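Visitor: Provided below: start15.txt, containing compact mmCIF, C-alpha atoms and all ligand atoms.
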```txt
# COMPACT_ATOMS: atom_id res chain seq x y z
CA LEU U 1 7.26 30.40 -15.83
CA THR U 2 4.14 28.63 -14.55
CA ILE U 3 4.03 24.91 -13.87
CA LEU U 4 1.26 22.52 -12.90
CA GLY U 5 2.51 19.86 -10.45
CA LEU U 6 0.86 16.50 -9.73
CA GLU U 7 1.56 14.09 -6.88
CA SER U 8 0.14 10.60 -6.29
CA SER U 9 3.00 8.47 -4.95
CA CYS U 10 1.43 7.47 -1.64
CA ASP U 11 -1.96 8.23 -0.10
CA ASP U 12 -2.43 11.90 -0.99
CA THR U 13 -3.70 13.01 -4.39
CA ALA U 14 -2.41 16.51 -5.00
CA ALA U 15 -2.28 19.20 -7.69
CA ALA U 16 -0.69 22.63 -7.44
CA ILE U 17 0.42 25.54 -9.56
CA VAL U 18 3.64 27.38 -8.87
CA ARG U 19 4.88 30.41 -10.75
CA LEU U 20 8.39 31.74 -10.93
CA GLY U 21 8.11 35.48 -11.39
CA PRO U 22 10.66 38.16 -12.12
CA GLU U 23 13.64 38.35 -9.76
CA GLU U 24 13.40 34.64 -8.98
CA CYS U 25 10.31 35.21 -6.88
CA ALA U 26 8.34 31.97 -6.52
CA GLN U 27 4.65 32.01 -5.77
CA ILE U 28 2.32 29.13 -4.95
CA LEU U 29 -0.83 30.03 -6.88
CA SER U 30 -2.77 27.01 -5.67
CA ASN U 31 -2.10 23.89 -3.62
CA VAL U 32 -4.80 21.23 -3.49
CA VAL U 33 -4.39 18.03 -1.45
CA SER U 34 -7.02 15.32 -1.24
CA SER U 35 -6.11 12.94 1.55
CA GLN U 36 -7.09 9.28 1.51
CA THR U 37 -6.56 8.79 5.24
CA ASP U 38 -10.20 7.87 5.82
CA LEU U 39 -10.16 5.25 3.07
CA HIS U 40 -7.25 3.39 4.65
CA ALA U 41 -8.11 3.96 8.32
CA ARG U 42 -9.79 0.63 8.93
CA PHE U 43 -6.87 -1.30 7.40
CA GLY U 44 -4.30 0.27 9.74
CA GLY U 45 -2.07 1.34 6.85
CA VAL U 46 -2.07 2.36 3.21
CA VAL U 47 -3.49 -0.34 0.88
CA PRO U 48 -1.74 0.16 -2.50
CA GLU U 49 -4.65 -1.07 -4.65
CA ILE U 50 -7.16 1.18 -2.93
CA ALA U 51 -4.75 4.11 -3.13
CA ALA U 52 -4.19 3.66 -6.87
CA ARG U 53 -7.91 3.53 -7.60
CA ALA U 54 -8.60 6.60 -5.50
CA HIS U 55 -5.83 8.53 -7.31
CA VAL U 56 -7.40 7.67 -10.67
CA GLU U 57 -10.71 9.05 -9.39
CA LYS U 58 -9.31 12.17 -7.73
CA LEU U 59 -6.58 13.44 -10.09
CA ASP U 60 -9.03 15.08 -12.44
CA LEU U 61 -10.95 17.03 -9.79
CA CYS U 62 -7.76 18.04 -7.93
CA THR U 63 -6.32 19.42 -11.16
CA GLU U 64 -9.50 21.32 -12.03
CA THR U 65 -9.59 22.78 -8.53
CA ALA U 66 -5.92 23.77 -8.66
CA LEU U 67 -6.49 25.56 -11.98
CA ALA U 68 -9.68 27.25 -10.71
CA ASP U 69 -8.00 28.35 -7.45
CA ALA U 70 -5.19 29.90 -9.48
CA GLY U 71 -7.64 31.44 -11.94
CA LEU U 72 -5.84 29.79 -14.85
CA ARG U 73 -6.51 27.43 -17.72
CA LEU U 74 -4.21 24.55 -18.55
CA ALA U 75 -3.04 26.46 -21.63
CA ASP U 76 -1.71 29.22 -19.33
CA CYS U 77 0.82 26.75 -17.87
CA ASP U 78 4.26 26.24 -19.41
CA ALA U 79 4.65 22.58 -18.46
CA VAL U 80 3.19 19.69 -16.48
CA ALA U 81 5.38 18.18 -13.75
CA VAL U 82 4.48 14.85 -12.19
CA THR U 83 5.99 12.57 -9.55
CA ALA U 84 7.50 9.72 -11.57
CA GLY U 85 8.83 7.83 -8.51
CA PRO U 86 9.77 6.57 -6.03
CA GLY U 87 6.54 5.38 -4.42
CA LEU U 88 3.69 2.90 -4.67
CA ILE U 89 3.78 1.88 -8.30
CA GLY U 90 -0.01 1.95 -8.89
CA GLY U 91 -0.35 5.50 -7.64
CA VAL U 92 2.74 6.78 -9.44
CA LEU U 93 1.52 5.17 -12.67
CA ALA U 94 -1.91 6.78 -12.27
CA GLY U 95 -0.26 10.20 -11.94
CA VAL U 96 2.18 9.69 -14.80
CA MET U 97 -0.53 8.47 -17.18
CA PHE U 98 -2.81 11.35 -16.24
CA ALA U 99 0.01 13.88 -16.72
CA ARG U 100 0.93 12.37 -20.07
CA GLY U 101 -2.66 12.82 -21.18
CA LEU U 102 -2.79 16.43 -20.06
CA ALA U 103 0.56 17.36 -21.55
CA THR U 104 -0.23 15.75 -24.89
CA ALA U 105 -3.72 17.26 -25.07
CA ALA U 106 -2.48 20.76 -24.26
CA GLY U 107 0.78 20.47 -26.19
CA LEU U 108 2.85 21.16 -23.05
CA PRO U 109 6.25 19.76 -22.12
CA LEU U 110 6.23 16.97 -19.53
CA LEU U 111 8.60 16.78 -16.56
CA GLY U 112 9.07 13.62 -14.48
CA VAL U 113 10.02 14.62 -10.96
CA ASN U 114 11.67 12.54 -8.25
CA HIS U 115 9.41 12.73 -5.20
CA LEU U 116 12.41 12.96 -2.86
CA ALA U 117 13.86 15.82 -4.92
CA GLY U 118 10.49 17.51 -4.40
CA HIS U 119 10.90 17.28 -0.63
CA ALA U 120 14.61 18.15 -0.76
CA LEU U 121 14.17 21.28 -2.92
CA THR U 122 11.23 22.68 -0.92
CA PRO U 123 13.44 25.04 1.16
CA ARG U 124 14.36 26.79 -2.07
CA LEU U 125 10.70 27.40 -2.79
CA THR U 126 9.91 28.61 0.74
CA ASP U 127 13.16 30.30 1.81
CA GLY U 128 15.08 30.75 -1.41
CA LEU U 129 18.09 28.76 -0.12
CA GLY U 130 21.15 28.82 -2.37
CA PHE U 131 23.30 25.77 -3.17
CA PRO U 132 24.93 23.94 -1.52
CA TYR U 133 22.98 23.18 1.63
CA LEU U 134 22.56 20.24 3.97
CA MET U 135 19.15 18.57 3.86
CA LEU U 136 17.79 16.13 6.40
CA LEU U 137 14.95 14.36 4.63
CA VAL U 138 12.78 12.66 7.25
CA SER U 139 9.61 11.11 5.91
CA GLY U 140 7.39 8.06 5.90
CA GLY U 141 9.73 6.06 3.71
CA HIS U 142 13.10 7.79 3.99
CA CYS U 143 15.71 9.24 6.29
CA GLN U 144 18.75 10.71 4.60
CA PHE U 145 21.30 13.44 4.97
CA LEU U 146 21.85 15.00 1.56
CA LEU U 147 24.31 17.58 0.41
CA VAL U 148 22.18 19.43 -2.13
CA ARG U 149 24.64 20.86 -4.64
CA GLY U 150 22.18 21.57 -7.44
CA ALA U 151 18.60 20.87 -8.48
CA ASP U 152 19.71 17.53 -9.84
CA ASP U 153 22.89 17.04 -7.88
CA PHE U 154 22.44 15.32 -4.53
CA MET U 155 25.18 13.63 -2.53
CA ARG U 156 24.07 11.27 0.19
CA LEU U 157 26.05 11.61 3.41
CA GLY U 158 24.06 9.11 5.46
CA THR U 159 20.87 7.11 5.47
CA THR U 160 18.77 4.84 7.65
CA ILE U 161 19.86 1.23 7.52
CA ASP U 162 16.36 -0.04 8.29
CA ASP U 163 13.09 1.83 9.03
CA ALA U 164 12.37 5.49 8.29
CA PRO U 165 11.37 7.63 11.29
CA GLY U 166 7.85 8.19 9.89
CA GLU U 167 7.47 4.44 9.58
CA ALA U 168 8.68 4.07 13.18
CA PHE U 169 6.09 6.66 14.31
CA ASP U 170 3.37 4.81 12.38
CA LYS U 171 4.35 1.39 13.76
CA THR U 172 4.63 2.74 17.30
CA ALA U 173 1.16 4.23 16.98
CA ARG U 174 -0.15 0.86 15.85
CA ILE U 175 1.57 -0.91 18.76
CA LEU U 176 -0.02 1.56 21.18
CA GLY U 177 -3.47 1.51 19.57
CA LEU U 178 -3.31 5.10 18.26
CA ALA U 179 -4.75 6.38 14.98
CA GLN U 180 -2.85 6.53 11.66
CA PRO U 181 -0.90 8.41 10.47
CA GLY U 182 1.07 7.75 13.62
CA GLY U 183 3.24 10.87 13.73
CA PRO U 184 0.60 13.40 14.78
CA SER U 185 -1.06 10.86 17.15
CA VAL U 186 2.18 10.03 18.94
CA GLU U 187 3.19 13.69 19.13
CA ALA U 188 -0.17 14.63 20.70
CA GLU U 189 -0.02 11.76 23.19
CA ALA U 190 3.61 12.55 24.12
CA ARG U 191 2.60 16.01 25.36
CA SER U 192 1.22 14.51 28.57
CA GLY U 193 4.01 11.93 28.95
CA ASP U 194 7.30 11.65 30.84
CA PRO U 195 10.13 11.18 28.32
CA GLY U 196 12.53 9.93 31.02
CA ARG U 197 10.49 7.04 32.43
CA PHE U 198 11.61 4.36 29.98
CA ALA U 199 15.23 3.81 28.97
CA LEU U 200 14.66 3.37 25.23
CA PRO U 201 17.67 2.74 22.95
CA ARG U 202 19.42 5.37 20.79
CA PRO U 203 20.48 3.08 17.92
CA LEU U 204 23.83 3.64 16.17
CA LEU U 205 24.62 6.67 18.32
CA ASN U 206 27.99 5.31 19.32
CA ARG U 207 28.89 4.29 15.79
CA PRO U 208 30.79 6.89 13.71
CA GLY U 209 29.24 8.49 10.63
CA CYS U 210 25.71 9.69 9.93
CA ASP U 211 23.85 6.48 9.16
CA LEU U 212 20.76 5.95 11.29
CA SER U 213 18.57 3.09 12.51
CA PHE U 214 15.07 3.10 13.97
CA SER U 215 13.69 -0.42 13.91
CA GLY U 216 15.18 -1.39 17.31
CA LEU U 217 13.43 1.54 18.89
CA LYS U 218 10.01 0.36 17.77
CA THR U 219 10.79 -3.15 19.02
CA ALA U 220 11.78 -1.71 22.41
CA VAL U 221 8.42 0.09 22.59
CA LEU U 222 6.68 -3.21 21.81
CA ARG U 223 8.58 -4.96 24.63
CA GLU U 224 7.74 -2.25 27.15
CA ARG U 225 4.11 -2.31 26.11
CA ASP U 226 3.86 -6.07 26.57
CA ALA U 227 5.38 -5.76 30.04
CA LEU U 228 2.86 -3.06 30.96
CA MET U 229 -0.30 -4.59 29.50
CA ARG U 230 -2.81 -5.72 32.06
CA ASP U 231 -6.04 -7.43 30.99
CA GLY U 232 -5.16 -6.60 27.40
CA ALA U 233 -5.26 -2.86 28.07
CA LEU U 234 -2.63 -0.18 28.42
CA ALA U 235 -3.09 2.53 31.06
CA ARG U 236 -3.40 6.01 29.67
CA GLN U 237 -0.32 7.37 31.42
CA ASP U 238 1.79 4.38 30.37
CA ARG U 239 0.89 5.07 26.78
CA ALA U 240 1.70 8.76 27.06
CA ASP U 241 5.05 8.00 28.73
CA LEU U 242 5.95 5.49 26.01
CA CYS U 243 5.10 8.05 23.31
CA ALA U 244 7.18 10.72 25.04
CA GLY U 245 10.12 8.34 25.51
CA PHE U 246 9.96 7.19 21.89
CA GLN U 247 9.82 10.75 20.54
CA ALA U 248 12.69 11.85 22.78
CA ALA U 249 14.85 8.97 21.51
CA ILE U 250 14.16 9.99 17.88
CA CYS U 251 14.99 13.62 18.74
CA ASP U 252 18.31 12.59 20.33
CA VAL U 253 19.34 10.38 17.42
CA LEU U 254 18.39 12.94 14.75
CA ALA U 255 20.12 15.75 16.67
CA GLU U 256 23.41 13.91 17.19
CA LYS U 257 23.57 12.57 13.63
CA SER U 258 22.74 16.06 12.35
CA ARG U 259 25.75 17.45 14.23
CA ARG U 260 27.96 14.98 12.42
CA ALA U 261 26.37 15.63 9.04
CA ILE U 262 26.77 19.38 9.54
CA ALA U 263 30.48 18.90 10.18
CA LEU U 264 30.82 17.03 6.87
CA ALA U 265 28.58 19.39 4.90
CA ARG U 266 30.38 22.46 6.23
CA ASP U 267 33.64 21.23 4.78
CA ALA U 268 31.82 20.97 1.45
CA GLY U 269 30.64 24.57 1.68
CA ALA U 270 27.05 24.11 2.86
CA GLY U 271 25.55 27.43 3.89
CA ALA U 272 22.38 26.21 5.64
CA PHE U 273 20.78 23.23 7.36
CA ALA U 274 17.29 22.38 6.12
CA VAL U 275 14.75 19.70 6.92
CA ALA U 276 11.83 18.37 4.91
CA GLY U 277 9.45 15.41 4.82
CA GLY U 278 6.45 14.56 6.96
CA VAL U 279 8.38 13.98 10.19
CA ALA U 280 9.71 17.54 9.98
CA ALA U 281 6.16 18.54 10.95
CA ASN U 282 6.93 17.30 14.49
CA GLY U 283 7.31 20.18 16.96
CA PRO U 284 9.91 18.73 19.38
CA ILE U 285 11.96 17.29 16.50
CA ARG U 286 12.02 20.67 14.77
CA ALA U 287 13.00 22.37 18.03
CA ALA U 288 15.87 19.90 18.56
CA LEU U 289 17.14 20.51 15.02
CA VAL U 290 16.88 24.28 15.39
CA ARG U 291 19.14 24.00 18.46
CA VAL U 292 21.69 21.95 16.54
CA ALA U 293 21.76 24.51 13.72
CA ASP U 294 22.13 27.34 16.26
CA GLU U 295 25.03 25.59 17.99
CA ALA U 296 26.72 25.22 14.62
CA GLY U 297 25.92 28.82 13.65
CA LEU U 298 24.15 27.71 10.46
CA PRO U 299 20.87 29.21 9.23
CA PHE U 300 18.01 26.72 9.67
CA SER U 301 15.16 26.21 7.25
CA ALA U 302 12.03 24.09 7.60
CA PRO U 303 8.98 24.36 5.35
CA PRO U 304 5.59 25.25 6.86
CA LEU U 305 3.74 22.12 7.99
CA ALA U 306 1.56 21.83 4.88
CA LEU U 307 4.67 21.73 2.69
CA CYS U 308 6.42 19.12 4.89
CA THR U 309 3.99 16.31 4.15
CA ASP U 310 3.20 15.22 0.60
CA ASN U 311 1.94 18.00 -1.64
CA ALA U 312 2.12 18.99 -5.28
CA ALA U 313 3.58 22.47 -4.80
CA MET U 314 6.93 20.82 -4.14
CA ILE U 315 6.55 18.79 -7.34
CA ALA U 316 5.66 21.89 -9.36
CA TRP U 317 8.69 23.66 -7.86
CA ALA U 318 11.03 20.74 -8.61
CA GLY U 319 9.54 20.88 -12.11
CA ILE U 320 10.48 24.55 -12.38
CA GLU U 321 14.02 23.70 -11.34
CA ARG U 322 14.24 20.91 -13.92
CA PHE U 323 12.70 23.11 -16.61
CA ARG U 324 15.27 25.84 -15.97
CA LEU U 325 18.07 23.28 -16.34
CA GLY U 326 16.70 22.43 -19.77
CA HIS U 327 15.29 19.01 -18.86
CA ARG U 328 12.25 17.80 -20.76
CA ASP U 329 10.92 14.28 -20.52
CA ASP U 330 9.70 12.07 -23.26
CA PRO U 331 5.89 11.84 -23.67
CA GLY U 332 6.42 8.12 -23.02
CA LEU U 333 7.64 8.84 -19.47
CA THR U 334 7.28 5.82 -17.19
CA ALA U 335 6.89 5.33 -13.44
CA ARG U 336 9.89 4.24 -11.38
CA PRO U 337 8.95 2.53 -8.10
CA ARG U 338 12.58 2.85 -6.99
CA TRP U 339 14.60 5.92 -7.85
CA PRO U 340 17.46 6.82 -5.51
CA LEU U 341 18.09 10.52 -5.28
CA ASP U 342 21.76 10.36 -6.03
CA ALA U 343 20.78 9.01 -9.45
CA THR U 344 18.47 11.93 -10.19
CA GLN U 345 20.70 13.08 -12.99
CA ALA U 346 18.27 11.45 -15.39
CA PRO U 347 19.23 11.19 -19.03
CA ARG U 348 18.24 14.29 -20.94
CA ILE U 349 15.63 13.74 -23.56
CA GLY U 350 15.29 16.50 -26.12
CA SER U 351 17.25 19.69 -25.82
CA GLY U 352 14.78 22.09 -24.29
CA LYS U 353 12.14 24.45 -25.50
P1 LIG U 401 8.33 9.38 1.29
O1 LIG U 401 8.31 10.86 1.10
O2 LIG U 401 9.55 8.90 1.97
O3 LIG U 401 7.99 8.62 0.07
P2 LIG U 401 5.76 9.69 2.47
O4 LIG U 401 5.53 10.53 1.27
O5 LIG U 401 4.76 8.68 2.87
O6 LIG U 401 7.17 9.00 2.34
P3 LIG U 401 5.53 12.08 3.98
O7 LIG U 401 4.18 12.40 3.46
O8 LIG U 401 6.63 12.99 3.66
O9 LIG U 401 6.02 10.60 3.69
O10 LIG U 401 5.40 11.93 5.53
C1 LIG U 401 4.45 11.06 6.09
C2 LIG U 401 5.04 10.53 7.38
O11 LIG U 401 5.25 11.65 8.26
C3 LIG U 401 4.14 9.56 8.10
O12 LIG U 401 4.91 8.44 8.48
C4 LIG U 401 3.66 10.35 9.32
O13 LIG U 401 3.44 9.54 10.47
C5 LIG U 401 4.82 11.30 9.54
N1 LIG U 401 4.40 12.50 10.27
C6 LIG U 401 3.45 13.39 9.92
N2 LIG U 401 3.26 14.31 10.89
C7 LIG U 401 4.13 13.98 11.88
C8 LIG U 401 4.42 14.51 13.17
N3 LIG U 401 3.77 15.57 13.64
N4 LIG U 401 5.37 13.89 13.91
C9 LIG U 401 6.03 12.82 13.43
N5 LIG U 401 5.80 12.26 12.25
C10 LIG U 401 4.86 12.82 11.48
FE FE U 402 6.76 12.19 0.76
```
Show me, as structure tokens, the structure contained in the file I just sent.

Guide:
Amino acid sequence: LTILGLESSCDDTAAAIVRLGPEECAQILSNVVSSQTDLHARFGGVVPEIAARAHVEKLDLCTETALADAGLRLADCDAVAVTAGPGLIGGVLAGVMFARGLATAAGLPLLGVNHLAGHALTPRLTDGLGFPYLMLLVSGGHCQFLLVRGADDFMRLGTTIDDAPGEAFDKTARILGLAQPGGPSVEAEARSGDPGRFALPRPLLNRPGCDLSFSGLKTAVLRERDALMRDGALARQDRADLCAGFQAAICDVLAEKSRRAIALARDAGAGAFAVAGGVAANGPIRAALVRVADEAGLPFSAPPLALCTDNAAMIAWAGIERFRLGHRDDPGLTARPRWPLDATQAPRIGSGK
């Protein structure tokens, strides 16, 4: 079973081919990502209109490259899987329309994939995790604890009530004059900082349950910055200390809430603790989560960095999972800007190949 995956929900245009071989052995045959970071750099964030136009321009070449890298033709694939939401509507639409064209032209089935399911199912592609498992999805737009019971069966145990951690990293980077995307910039800067210098808040830590909050943290960084600014400039060490303090606060919150989520997931039979999403690329955050899993005696799984951030291999894999469950989408598939994961049990259209 060989599936072409396409991703265009934010600022990366991506195409990949994943094959499920005998004995359930999954193989990434190609994984092409064309980043738009440079296009958006001078605006300090992703501009949806520019992103959509760039996706339209890049989807074709990314797909050709993915096929060439894999040494395949489109006709060698069994289906086309595409992110159908959630995300920036222009980009998602560009991907869906492109995929519809490909699938129709080549006479292949079409699979609309939930972008979050792509992230959440990645540990099955990389580590072959079995259901159920606990997933902490930490990305640019989301932060959720999910009990993953099946490829289209997700139960949400907790979620952020305001910002996502990736968003908090990006905003903090902006506040401190660091480059976007903020996560890698803040992580690099934090290496030379003192995490204990500023007493930054740990929001919701003393509230029961596994909901999270991050917007107060970013506001606290803003306040500290304003107090430190002299002549409109921030001293290098001050900036590093703020980054280290901010990152340590996120680590603490994610670690403690993970302990609670593990307790809940365990009772439901979860056999592993996995993370995914762009923020899972952060070294100290990963290390903190590994410790929590160790304490709990649960196997830990985190995708390699390139499969943490947006990519199409995860979409192709989620497509394989949907295909195996017998899902096929209508050639008239549409984009869904909002698509909560616990509603991923999309109506079945057709009865399978
Ligand atoms: P979503 O998946 O929720 O729709 P997204 O696709 O924009 O959002 P991802 O591509 O999964 O999110 O992740 C991007 C986010 O990850 C950005 O906010 C970025 O700052 C953050 N990120 C990337 N690398 C790191 C890092 N090393 N440390 C912290 N955050 C990081
Ligand atoms: Fe993502």

Visitor: Report, in Å with one decimal, the straight-line distance from CA of Ala302 in chain U to CA of Ile161 in chain U.

Guide: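 Between CA of Ala302 in chain U and CA of Ile161 in chain U the gap is 24.2 Å.
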
Visitor: Using only C-alpha atoms and all ligand atoms, which of U:Ala99, U:Ile315, U:Leu341, U:Ala280 sits nearest ligand LIG 401 (chain U)?

Guide: U:Ala280

Visitor: Any residue with an atom at most 7 Å from ligand LIG 401 (chain U) counts, using all atoms listed in the file. Which are they? Put them as a list of chain:residue names.

Guide: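 Within the 7 Å cut-off, the matching residues are U:Cys10, U:Pro86, U:Gly87, U:His115, U:Leu116, U:Ser139, U:Gly140, U:Gly141, U:His142, U:Gly166, U:Glu167, U:Phe169, U:Asp170, U:Pro181, U:Gly182, U:Gly183, U:Pro184, U:Glu187, U:Gly277, U:Gly278, U:Val279, U:Ala280, U:Ala281, U:Asn282, U:Gly283, U:Cys308, U:Thr309, U:Asp310.
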
Visitor: Taking (6.7, 17.7, 21.7) in the file's own coordinates, collect the residues within 8 Å, counting only C-alpha atoms, and hand them back as an MDAnalysis selection string.

Guide: chainID U and resid 187:188 190:191 244 247 282:285

Visitor: Name all residues at most 7 Å from Asp11 in chain U (count only C-alpha atoms; drop same-chain ones fewer than 6 positions away) and give them as a tab-separated table (two decimals) with C-alpha atoms, in the coordinates of the input.

Guide:
```
chain	number	residue	atom	x	y	z
U	35	SER	CA	-6.11	12.94	1.55
U	36	GLN	CA	-7.09	9.28	1.51
U	46	VAL	CA	-2.07	2.36	3.21
U	51	ALA	CA	-4.75	4.11	-3.13
```

Visitor: Find the distance between CA of Gly319 in chain U and CA of Val82 in chain U and write it in Å to one decimal.

Guide: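 About the pair CA of Gly319 in chain U and CA of Val82 in chain U: they are 7.9 Å apart.
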
Visitor: Which residue is closest to Asp194 in chain U? Choose from U:Ala248, U:Leu176, U:Ala26, U:Ala168 and count all atoms listed in the file.

Guide: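 Among U:Ala248, U:Leu176, U:Ala26, U:Ala168, it is U:Ala248 that comes nearest to Asp194 in chain U.
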
Visitor: When distances are computed from only C-alpha atoms, which of U:Gly112, U:Gly45, U:Pro201, U:Gly128 shows the smallest separation from Pro303 in chain U?

Guide: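 Comparing U:Gly112, U:Gly45, U:Pro201, U:Gly128 against Pro303 in chain U, the winner is U:Gly128.
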
Visitor: Go ahead and compute the interatomic distance for CA of Ile175 in chain U and CA of Val275 in chain U, in Å to one decimal.

Guide: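 Going from CA of Ile175 in chain U over to CA of Val275 in chain U covers 27.2 Å.
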
Visitor: Find, counting only C-alpha atoms, the residue in U:Leu204, U:Leu1, U:Leu298, U:Leu74 that gets nearest to Ala106 in chain U.

Guide: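 Among the listed residues, the smallest separation from Ala106 in chain U belongs to U:Leu74.
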
Visitor: Using all atoms listed in the file, which protein or nucleic acid residues come within 9 Å of Val96 in chain U? Drop anything in the same chain fewer than 3 positions from it, and give the result as a list of chain:residue names.

Guide: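 Residues meeting the cut-off are U:Leu6, U:Ser8, U:Val82, U:Thr83, U:Ala84, U:Gly91, U:Val92, U:Leu93, U:Ala99, U:Arg100, U:Gly101, U:Gly112, U:Leu333, U:Thr334, U:Ala335.
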
Visitor: Which is closer to Cys251 in chain U than all the others in U:Pro165, U:Gly107, U:Gly130, U:Gly232, using all atoms listed in the file?

Guide: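 Among the listed residues, U:Pro165 lies closest to Cys251 in chain U.
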
Visitor: Quick one: everything within 10 Å of Arg322 in chain U, counting all atoms listed in the file, minus sequence neighbours fewer than 5 positions away in the same chain. Send it as a compact mmCIF listing (two decimals) with C-alpha atoms, in the coordinates of the input.

Guide:
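As a result, part_7.txt now contains:
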```txt
# COMPACT_ATOMS: atom_id res chain seq x y z
CA ALA U 81 5.38 18.18 -13.75
CA LEU U 111 8.60 16.78 -16.56
CA GLY U 112 9.07 13.62 -14.48
CA VAL U 113 10.02 14.62 -10.96
CA ALA U 151 18.60 20.87 -8.48
CA ASP U 152 19.71 17.53 -9.84
CA ALA U 316 5.66 21.89 -9.36
CA TRP U 317 8.69 23.66 -7.86
CA HIS U 327 15.29 19.01 -18.86
CA ARG U 328 12.25 17.80 -20.76
CA ASP U 329 10.92 14.28 -20.52
```

Visitor: Nearest to ligand FE 402 (chain U) among U:Lys218, U:His119, U:Arg197, U:Arg236, with distances taken over only C-alpha atoms and all ligand atoms: which residue is it?

Guide: U:His119

Visitor: Quick one: everything within 10 Å of Asp69 in chain U, counting all atoms listed in the file, minus sequence neighbours fewer than 6 positions away in the same chain. Send it as a ChimeraX atom specification.

Guide: /U:16-17,29-32,63

Visitor: Find the spatial neighbours of Ala263 in chain U, counting all atoms listed in the file, within a cut-off of 12 Å - ignore same-chain residues fewer than 4 positions away - and output them as number ranges by chain.

Guide: U: 134, 145, 147, 157, 209-210, 256-259, 267-273, 292-293, 295-298
